[in-house]
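Undergrad: Supplied structure: protein-v2.cif, mmCIF, C-alpha atoms.
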data_start
#
loop_
_atom_site.group_PDB
_atom_site.id
_atom_site.type_symbol
_atom_site.label_atom_id
_atom_site.label_comp_id
_atom_site.auth_asym_id
_atom_site.auth_seq_id
_atom_site.Cartn_x
_atom_site.Cartn_y
_atom_site.Cartn_z
ATOM 1 C CA MET A 198 0.000 0.000 0.000
ATOM 2 C CA GLY A 199 2.983 2.271 -0.401
ATOM 3 C CA ASN A 200 3.101 5.119 2.085
ATOM 4 C CA THR A 201 0.475 3.807 4.501
ATOM 5 C CA LEU A 202 0.886 1.875 7.711
ATOM 6 C CA PHE A 203 -2.287 -0.149 7.181
ATOM 7 C CA ASP A 204 -3.358 -3.356 5.444
ATOM 8 C CA LEU A 205 -6.532 -3.490 3.370
ATOM 9 C CA SER A 206 -8.133 -5.847 5.908
ATOM 10 C CA ASP A 207 -7.427 -3.585 8.908
ATOM 11 C CA ARG A 208 -10.574 -2.225 10.544
ATOM 12 C CA LEU A 209 -10.429 1.480 11.275
ATOM 13 C CA VAL A 210 -12.578 3.722 13.440
ATOM 14 C CA HIS A 211 -12.030 7.260 14.692
ATOM 15 C CA ARG A 212 -11.892 8.138 18.375
ATOM 16 C CA ASP A 213 -15.259 9.178 19.695
ATOM 17 C CA ASP A 214 -14.095 11.335 22.603
ATOM 18 C CA LEU A 215 -13.177 14.447 20.609
ATOM 19 C CA PHE A 216 -15.166 17.656 20.547
ATOM 20 C CA THR A 217 -16.251 18.119 16.934
ATOM 21 C CA THR A 218 -18.387 20.596 15.062
ATOM 22 C CA LYS A 219 -19.305 20.736 11.423
ATOM 23 C CA ILE A 220 -19.250 24.095 9.675
ATOM 24 C CA ASP A 221 -20.800 23.799 6.222
ATOM 25 C CA ASP A 222 -18.963 20.785 4.761
ATOM 26 C CA GLU A 223 -15.842 21.055 6.926
ATOM 27 C CA THR A 224 -15.159 19.722 10.420
ATOM 28 C CA VAL A 225 -13.272 21.309 13.308
ATOM 29 C CA MET A 226 -12.131 19.035 16.132
ATOM 30 C CA LEU A 227 -10.546 19.503 19.542
ATOM 31 C CA ASP A 228 -8.597 16.767 21.255
ATOM 32 C CA GLU A 229 -8.941 17.975 24.825
ATOM 33 C CA ALA A 230 -6.309 15.514 26.081
ATOM 34 C CA SER A 231 -3.586 16.983 23.859
ATOM 35 C CA GLY A 232 -5.037 20.476 23.491
ATOM 36 C CA CYS A 233 -4.743 20.209 19.708
ATOM 37 C CA TYR A 234 -7.260 21.521 17.196
ATOM 38 C CA PHE A 235 -7.728 19.930 13.789
ATOM 39 C CA GLY A 236 -9.548 21.163 10.719
ATOM 40 C CA LEU A 237 -10.811 18.811 8.032
ATOM 41 C CA ASN A 238 -11.667 19.859 4.502
ATOM 42 C CA PRO A 239 -14.751 18.369 2.818
ATOM 43 C CA VAL A 240 -12.974 15.151 1.759
ATOM 44 C CA GLY A 241 -11.383 14.741 5.205
ATOM 45 C CA THR A 242 -14.834 15.289 6.711
ATOM 46 C CA LYS A 243 -16.294 12.547 4.477
ATOM 47 C CA ILE A 244 -13.545 10.129 5.560
ATOM 48 C CA TRP A 245 -14.097 11.076 9.229
ATOM 49 C CA GLU A 246 -17.820 10.351 8.815
ATOM 50 C CA LEU A 247 -17.086 6.966 7.214
ATOM 51 C CA LEU A 248 -14.784 6.153 10.152
ATOM 52 C CA GLU A 249 -17.623 6.650 12.653
ATOM 53 C CA LYS A 250 -18.199 2.879 12.668
ATOM 54 C CA PRO A 251 -15.425 0.300 12.207
ATOM 55 C CA ILE A 252 -14.721 -0.158 8.505
ATOM 56 C CA SER A 253 -12.039 -2.082 6.654
ATOM 57 C CA LEU A 254 -9.564 -0.015 4.705
ATOM 58 C CA GLN A 255 -10.667 -1.826 1.560
ATOM 59 C CA ASP A 256 -14.325 -0.846 2.122
ATOM 60 C CA LEU A 257 -13.329 2.732 2.955
ATOM 61 C CA LEU A 258 -11.380 3.051 -0.305
ATOM 62 C CA SER A 259 -14.229 1.476 -2.250
ATOM 63 C CA GLN A 260 -16.743 3.977 -0.864
ATOM 64 C CA LEU A 261 -14.436 6.908 -1.557
ATOM 65 C CA THR A 262 -13.852 5.896 -5.191
ATOM 66 C CA GLN A 263 -17.648 5.674 -5.592
ATOM 67 C CA CYS A 264 -18.182 9.140 -4.055
ATOM 68 C CA TYR A 265 -15.393 10.992 -5.848
ATOM 69 C CA THR A 266 -13.897 11.026 -9.317
ATOM 70 C CA ILE A 267 -10.577 9.471 -8.330
ATOM 71 C CA GLY A 268 -8.692 6.391 -9.452
ATOM 72 C CA PRO A 269 -8.046 3.532 -7.045
ATOM 73 C CA GLU A 270 -4.275 4.084 -6.798
ATOM 74 C CA GLN A 271 -4.536 7.824 -6.197
ATOM 75 C CA CYS A 272 -7.269 7.166 -3.632
ATOM 76 C CA LYS A 273 -5.032 4.645 -1.802
ATOM 77 C CA GLN A 274 -2.135 7.087 -1.708
ATOM 78 C CA GLU A 275 -4.061 10.168 -0.626
ATOM 79 C CA THR A 276 -6.268 8.329 1.865
ATOM 80 C CA GLY A 277 -3.201 6.550 3.250
ATOM 81 C CA THR A 278 -1.493 9.898 3.840
ATOM 82 C CA PHE A 279 -4.580 11.231 5.647
ATOM 83 C CA LEU A 280 -4.972 8.069 7.758
ATOM 84 C CA ASN A 281 -1.291 8.198 8.701
ATOM 85 C CA MET A 282 -1.818 11.780 9.928
ATOM 86 C CA LEU A 283 -4.843 10.737 11.988
ATOM 87 C CA ASN A 284 -2.875 7.825 13.422
ATOM 88 C CA ALA A 285 0.154 10.007 14.228
ATOM 89 C CA HIS A 286 -2.121 12.268 16.293
ATOM 90 C CA HIS A 287 -3.782 9.276 18.024
ATOM 91 C CA LEU A 288 -7.169 10.042 16.472
ATOM 92 C CA LEU A 289 -7.631 6.595 14.953
ATOM 93 C CA LYS A 290 -8.202 3.128 16.384
ATOM 94 C CA VAL A 291 -6.941 0.204 14.292
ATOM 95 C CA THR A 292 -7.849 -3.462 14.613
ATOM 96 C CA ARG A 293 -5.462 -5.724 12.719
ATOM 97 C CA HIS A 294 -6.787 -8.869 11.118
ATOM 98 C CA ALA A 295 -4.421 -11.831 11.211
ATOM 99 C CA SER A 296 -3.563 -13.274 7.825
#
For the structure just supplied, provide its representation as structure tokens.
TA:
Amino acid sequence: MGNTLFDLSDRLVHRDDLFTTKIDDETVMLDEASGCYFGLNPVGTKIWELLEKPISLQDLLSQLTQCYTIGPEQCKQETGTFLNMLNAHHLLKVTRHAS
């Protein structure tokens, strides 16, 4: 998967203890534990919404390629970059599936 830390079978879900608000089609979040604010553009907001319930990376990518005019490889790369950022800031929970 190139630049991502995840396997296609990994199940991902965002943390549910953040303060979030949606402004138009963007999301602003506060992680009270770290004191950090995050702003998500419309695509980041869509991904955040899809991560509300556990979803496999493969299903997440499939839904994104259906919603947006983007090829599978570009979607993997750009989504992987975004997920890595969420993970680096401890905003994501990952459940690994054994092979």
Undergrad: Please identify all polymer residues within 10 Å of A:Lys273, counting all atoms listed in the file, omitting same-chain residues fewer than 2 positions from it, and present them as a list in words.
TA: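 Selected residues are Met198, Gly199, Asn200, Thr201, Leu205, Leu254, Gln255, Leu257, Leu258, Ser259, Leu261, Thr262, Ile267, Gly268, Pro269, Glu270, Gln271, Glu275, Thr276, Gly277, Thr278 and Phe279 of chain A.
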Undergrad: Could you check the closest approach to A:Lys243 for each of A:Glu223, A:Asp214, A:Asp204, A:Asp256 and tell me which residue wins, using only C-alpha atoms?
TA: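 Among the listed residues, the smallest separation from A:Lys243 belongs to A:Glu223.
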Undergrad: Counting all atoms listed in the file, which of A:Val210, A:Leu215, A:Ala230, A:Cys272 gets nearest to A:Gln260?
TA: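 That would be A:Cys272, the residue with the smallest distance to A:Gln260.
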Undergrad: Using the chain letters and numbers from the file, give me the residues hit by the PyMOL selection byres ((chain A and resi 209) around 9), as number ranges by chain.
TA: A: 207-208, 210-211, 248-254, 257, 289-293
Undergrad: Would you export the selected residues with C-alpha atoms as a compact mmCIF listing (two decimals), in the coordinates of the input, please?
TA:
# COMPACT_ATOMS: atom_id res chain seq x y z
CA ASP A 207 -7.43 -3.58 8.91
CA ARG A 208 -10.57 -2.22 10.54
CA VAL A 210 -12.58 3.72 13.44
CA HIS A 211 -12.03 7.26 14.69
CA LEU A 248 -14.78 6.15 10.15
CA GLU A 249 -17.62 6.65 12.65
CA LYS A 250 -18.20 2.88 12.67
CA PRO A 251 -15.42 0.30 12.21
CA ILE A 252 -14.72 -0.16 8.51
CA SER A 253 -12.04 -2.08 6.65
CA LEU A 254 -9.56 -0.02 4.70
CA LEU A 257 -13.33 2.73 2.96
CA LEU A 289 -7.63 6.60 14.95
CA LYS A 290 -8.20 3.13 16.38
CA VAL A 291 -6.94 0.20 14.29
CA THR A 292 -7.85 -3.46 14.61
CA ARG A 293 -5.46 -5.72 12.72
Undergrad: Mind giving me the straight-line distance from atom CA of A:Glu246 to atom CA of A:Cys264 in Å, one decimal?
TA: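 Separation between atom CA of A:Glu246 and atom CA of A:Cys264: 12.9 Å.
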Undergrad: Around all the atoms of stretch 234-238 of chain A listed in the file, draw an axis-aligned box and extend it by 3 Å on each of the six sides; I want its centre and edge lengths in Å to one decimal, as AutoDock Vina command-line options.
TA:
--center_x -9.5 --center_y 20.2 --center_z 10.8 --size_x 10.4 --size_y 8.7 --size_z 18.7
Undergrad: Find the residues around A:His286 up to 12 Å (only C-alpha atoms counted), leave out those fewer than 6 positions away in its own chain, and share them as a list in words.
TA: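 Those residues are His211, Arg212, Leu227, Asp228, Ala230, Ser231, Gly232, Cys233, Tyr234, Phe235, Phe279 and Leu280 of chain A.
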Undergrad: Rounded to one decimal place, report the atom CA of A:Leu247-atom CA of A:Gln263 distance in Å.
TA: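 Separation between atom CA of A:Leu247 and atom CA of A:Gln263: 12.9 Å.
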Undergrad: Identify, on the basis of all atoms listed in the file, every residue whose closest approach to A:Asp221 does not exceed 12 Å; exclude the query and any residue fewer than 2 positions from it along the same chain; express the result as an NGL selection string.
TA: :A and (218-219 or 223-225 or 237-239 or 242)
Undergrad: For the atom pair atom CA of A:His294 and atom CA of A:Ser206, what is the interatomic distance in Å to one decimal place?
TA: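 One can read the atom CA of A:His294 to atom CA of A:Ser206 distance as 6.2 Å.
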Undergrad: Nearest residue to A:Asp213 out of A:Ile244, A:Tyr265, A:Gly236, A:Met226, using all atoms listed in the file?
TA: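 Between A:Ile244, A:Tyr265, A:Gly236, A:Met226, the residue approaching A:Asp213 most closely is A:Met226.
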